[in-house]
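I have placed the structure first, in the form of structure tokens, so that the comments after it can refer back to it.
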Amino acid sequence: MQPLNLPTYSFNTNHSENRDWIFDNFRRNWYLLTPEEWVRQNFARYMCEVLGYPESLLLLEHTITHNKLTRRCDIVAYNRLGQPILLVECKAPGIVLNQKTFDQIARYNMVLGVNLLVVTNGLSHYCIHYIESGGSYTFIREIPSFRSITDQSSAVI
């Protein structure tokens with residue numbers, strides 16, 4: 001798989017049925033190793049190992065319902081109270097991150113209502129702080145660590 005703009009991690013992979021598979025430690029199952037899955041697995045590992053998000057508080061491919069349609073959020077991080085605090089949308093490295101991508105994560109956030117959104121294709125990463133009271137979005141320089149989010153009076157930014 002293509003090198004990403006993330007630290008290098010080792011994964012349990014397998015080649016069978018003329019396809020490559022990756023074991024997802026979060027979902028405890030094997031998944032087809034697509035370019036998007038490669039980004040999802042690497043970014044989730046980055047969140048745990050670099051940013052300090054507990055593995056037990058991340059959900060990958062989390063199902064939500066929006067306008068009576070079922071959708072899957074790539075990664076949702078929760079605080080220790082079980083509240084969603086950060087939403088990540090992953091795209092394959094060859095996909096350009098554009099307004100359509102940001103609109104997609106904004107629609108998902110209409111269901112979850114988090115203050116932090118991340119969009120990544122494994123090469124570029126954008127973090128957005130959503131201010132609900134004004135309905136505005138601001139790009140922030142760095143993706144906050146779990147500790148920096150949860151240290152703020154055990155609440156979301």
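Ordering of the structure tokens sets the chain letters (A, B, ...), residue numbers begin anew at 1 in every chain, and ligands are numbered from 1 in the order given.
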Checklist entry - Using only C-alpha atoms, which residues sit within 12 Å of A:His15 once same-chain residues fewer than 3 positions away are excluded, as number ranges by chain? => result A: 12, 18-23, 30-33
Take the selection from the previous step and output its residues with C-alpha atoms, as a compact mmCIF listing (two decimals), in the first residue's frame.
# COMPACT_ATOMS: atom_id res chain seq x y z
CA ASN A 12 -1.64 -8.14 10.34
CA ASN A 18 -6.76 -12.99 -4.93
CA ARG A 19 -7.35 -10.12 -2.52
CA ASP A 20 -5.45 -8.43 0.28
CA TRP A 21 -7.03 -8.33 3.74
CA ILE A 22 -6.18 -6.43 6.92
CA PHE A 23 -7.10 -7.36 10.47
CA TRP A 30 -10.70 -9.06 8.71
CA TYR A 31 -11.55 -6.42 6.09
CA LEU A 32 -10.71 -6.00 2.44
CA LEU A 33 -7.60 -3.84 2.21
Item to check | alpha helix (DSSP H) call set, DSSP backbone run, chain A, as number ranges by chain | outcome: A: 35-49, 99-112, 146-150
For the residues in that selection, give me N, CA and C atoms as a short mmCIF file (atom, residue, chain, number, x, y, z; two decimals), in the first residue's frame.
data_model
loop_
_atom_site.label_atom_id
_atom_site.label_comp_id
_atom_site.auth_asym_id
_atom_site.auth_seq_id
_atom_site.Cartn_x
_atom_site.Cartn_y
_atom_site.Cartn_z
N PRO A 35 -7.70 1.12 -0.53
CA PRO A 35 -6.94 2.33 -0.17
C PRO A 35 -7.59 3.12 0.97
N GLU A 36 -8.92 3.20 0.99
CA GLU A 36 -9.60 3.92 2.07
C GLU A 36 -9.44 3.19 3.40
N GLU A 37 -9.52 1.87 3.39
CA GLU A 37 -9.33 1.09 4.62
C GLU A 37 -7.91 1.27 5.14
N TRP A 38 -6.94 1.36 4.24
CA TRP A 38 -5.54 1.60 4.61
C TRP A 38 -5.42 2.92 5.37
N VAL A 39 -6.07 3.96 4.87
CA VAL A 39 -6.05 5.26 5.54
C VAL A 39 -6.75 5.16 6.89
N ARG A 40 -7.92 4.53 6.92
CA ARG A 40 -8.69 4.40 8.16
C ARG A 40 -7.88 3.68 9.24
N GLN A 41 -7.25 2.57 8.89
CA GLN A 41 -6.47 1.80 9.87
C GLN A 41 -5.27 2.60 10.37
N ASN A 42 -4.56 3.25 9.46
CA ASN A 42 -3.39 4.03 9.86
C ASN A 42 -3.79 5.24 10.70
N PHE A 43 -4.87 5.91 10.32
CA PHE A 43 -5.26 7.10 11.07
C PHE A 43 -5.77 6.73 12.46
N ALA A 44 -6.52 5.64 12.57
CA ALA A 44 -6.99 5.19 13.88
C ALA A 44 -5.80 4.84 14.78
N ARG A 45 -4.82 4.18 14.22
CA ARG A 45 -3.62 3.83 14.99
C ARG A 45 -2.88 5.11 15.42
N TYR A 46 -2.79 6.09 14.53
CA TYR A 46 -2.18 7.38 14.84
C TYR A 46 -2.91 8.05 16.01
N MET A 47 -4.24 8.01 15.96
CA MET A 47 -5.02 8.62 17.04
C MET A 47 -4.69 7.98 18.39
N CYS A 48 -4.52 6.66 18.39
CA CYS A 48 -4.22 5.96 19.65
C CYS A 48 -2.78 6.18 20.09
N GLU A 49 -1.85 5.93 19.19
CA GLU A 49 -0.43 5.91 19.57
C GLU A 49 0.21 7.28 19.69
N GLN A 99 -14.78 20.40 -1.31
CA GLN A 99 -15.99 20.84 -0.61
C GLN A 99 -16.97 19.69 -0.40
N LYS A 100 -17.04 18.79 -1.35
CA LYS A 100 -17.94 17.64 -1.24
C LYS A 100 -17.60 16.79 -0.01
N THR A 101 -16.30 16.62 0.23
CA THR A 101 -15.84 15.86 1.39
C THR A 101 -16.23 16.55 2.69
N PHE A 102 -16.05 17.87 2.73
CA PHE A 102 -16.39 18.63 3.93
C PHE A 102 -17.91 18.66 4.14
N ASP A 103 -18.67 18.71 3.05
CA ASP A 103 -20.13 18.66 3.17
C ASP A 103 -20.57 17.31 3.74
N GLN A 104 -19.90 16.24 3.32
CA GLN A 104 -20.25 14.90 3.80
C GLN A 104 -20.06 14.81 5.31
N ILE A 105 -18.93 15.24 5.82
CA ILE A 105 -18.68 15.14 7.26
C ILE A 105 -19.61 16.09 8.03
N ALA A 106 -19.96 17.23 7.43
CA ALA A 106 -20.90 18.14 8.08
C ALA A 106 -22.28 17.51 8.20
N ARG A 107 -22.71 16.75 7.18
CA ARG A 107 -24.00 16.04 7.26
C ARG A 107 -23.96 14.99 8.37
N TYR A 108 -22.87 14.25 8.46
CA TYR A 108 -22.74 13.26 9.52
C TYR A 108 -22.79 13.94 10.89
N ASN A 109 -22.21 15.11 10.95
CA ASN A 109 -22.16 15.81 12.24
C ASN A 109 -23.52 16.36 12.65
N MET A 110 -24.44 16.47 11.72
CA MET A 110 -25.80 16.87 12.08
C MET A 110 -26.43 15.83 13.02
N VAL A 111 -25.98 14.59 12.91
CA VAL A 111 -26.46 13.51 13.77
C VAL A 111 -25.67 13.46 15.07
N LEU A 112 -24.34 13.56 14.98
CA LEU A 112 -23.48 13.37 16.16
C LEU A 112 -23.28 14.63 16.99
N PHE A 146 -6.37 13.45 22.85
CA PHE A 146 -7.50 13.05 23.70
C PHE A 146 -7.44 13.81 25.02
N ARG A 147 -6.26 13.89 25.58
CA ARG A 147 -6.11 14.55 26.88
C ARG A 147 -6.49 16.03 26.81
N SER A 148 -6.08 16.71 25.73
CA SER A 148 -6.39 18.14 25.63
C SER A 148 -7.89 18.39 25.50
N ILE A 149 -8.61 17.45 24.90
CA ILE A 149 -10.06 17.59 24.76
C ILE A 149 -10.74 17.29 26.09
N THR A 150 -10.35 16.21 26.71
CA THR A 150 -11.05 15.76 27.91
C THR A 150 -10.61 16.49 29.17
#
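When only C-alpha atoms are used to measure the gap to A:Pro54, the shortest distance among A:Phe139, A:Tyr126, A:Tyr78, A:Phe11 belongs to A:Tyr78.
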Item to check | Picked from stretch 3-139 of chain A by DSSP as strand (DSSP E), as an MDAnalysis selection string | outcome: chainID A and resid 13:16 19:24 29:32 58:66 69:78 84:90 116:120 125:131 136:139
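Of note, atom CA of A:Val88 and atom CA of A:Gly122 are spaced 11.6 Å apart.
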Next on the checklist: Set the distance at 7 Å and use only C-alpha atoms: which residues neighbour A:Lys91 once local chain neighbours fewer than 3 positions away are removed? I'd like the list as a list in words.
Outcome noted: Glu36, Ile95, Thr120 and Asn121 of chain A
Selection export as a PDB file, in the first residue's frame, atoms kept: C-alpha atoms:
ATOM      1  CA  GLU A  36      -9.596   3.918   2.074  1.00  0.00           C
ATOM      2  CA  ILE A  95      -9.014  11.286  -3.627  1.00  0.00           C
ATOM      3  CA  THR A 120      -7.951  12.982   5.778  1.00  0.00           C
ATOM      4  CA  ASN A 121      -6.791  11.101   2.729  1.00  0.00           C
TER       5      ASN A 121
END
Item to check | Nearby residues (only C-alpha atoms) at most 7 Å from stretch 79-87 of chain A, same-chain spacing under 3 positions excluded, as an MDAnalysis selection string | outcome: chainID A and resid 57 75:76 112 114:118 150 156
Keeping only C-alpha atoms, take the residues you just selected and write them out as a compact mmCIF listing (two decimals), in the first residue's frame.
# COMPACT_ATOMS: atom_id res chain seq x y z
CA LEU A 57 -13.24 4.77 22.85
CA ILE A 75 -14.00 6.99 12.92
CA VAL A 76 -15.86 8.40 15.90
CA LEU A 112 -23.48 13.37 16.16
CA VAL A 114 -19.34 17.04 17.83
CA ASN A 115 -17.12 20.11 17.91
CA LEU A 116 -14.12 18.57 16.16
CA LEU A 117 -14.09 17.20 12.63
CA VAL A 118 -11.13 15.70 10.79
CA THR A 150 -11.05 15.76 27.91
CA VAL A 156 -15.94 18.87 24.63
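Distances to A:Pro93 were evaluated for A:Ser56, A:Ser10, A:Thr70, A:Ser124 using only C-alpha atoms, and the minimum falls at A:Ser124.
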Checklist entry - How many Å lie between atom CA of A:Tyr137 and atom CA of A:Ala77, rounded to one decimal? => result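 Distance between the two atoms: 19.0 Å.
Closest approach to A:Gly135 among A:Asn29, A:His62, A:Gly113, A:Leu123 is made by A:Gly113 (distances from only C-alpha atoms).
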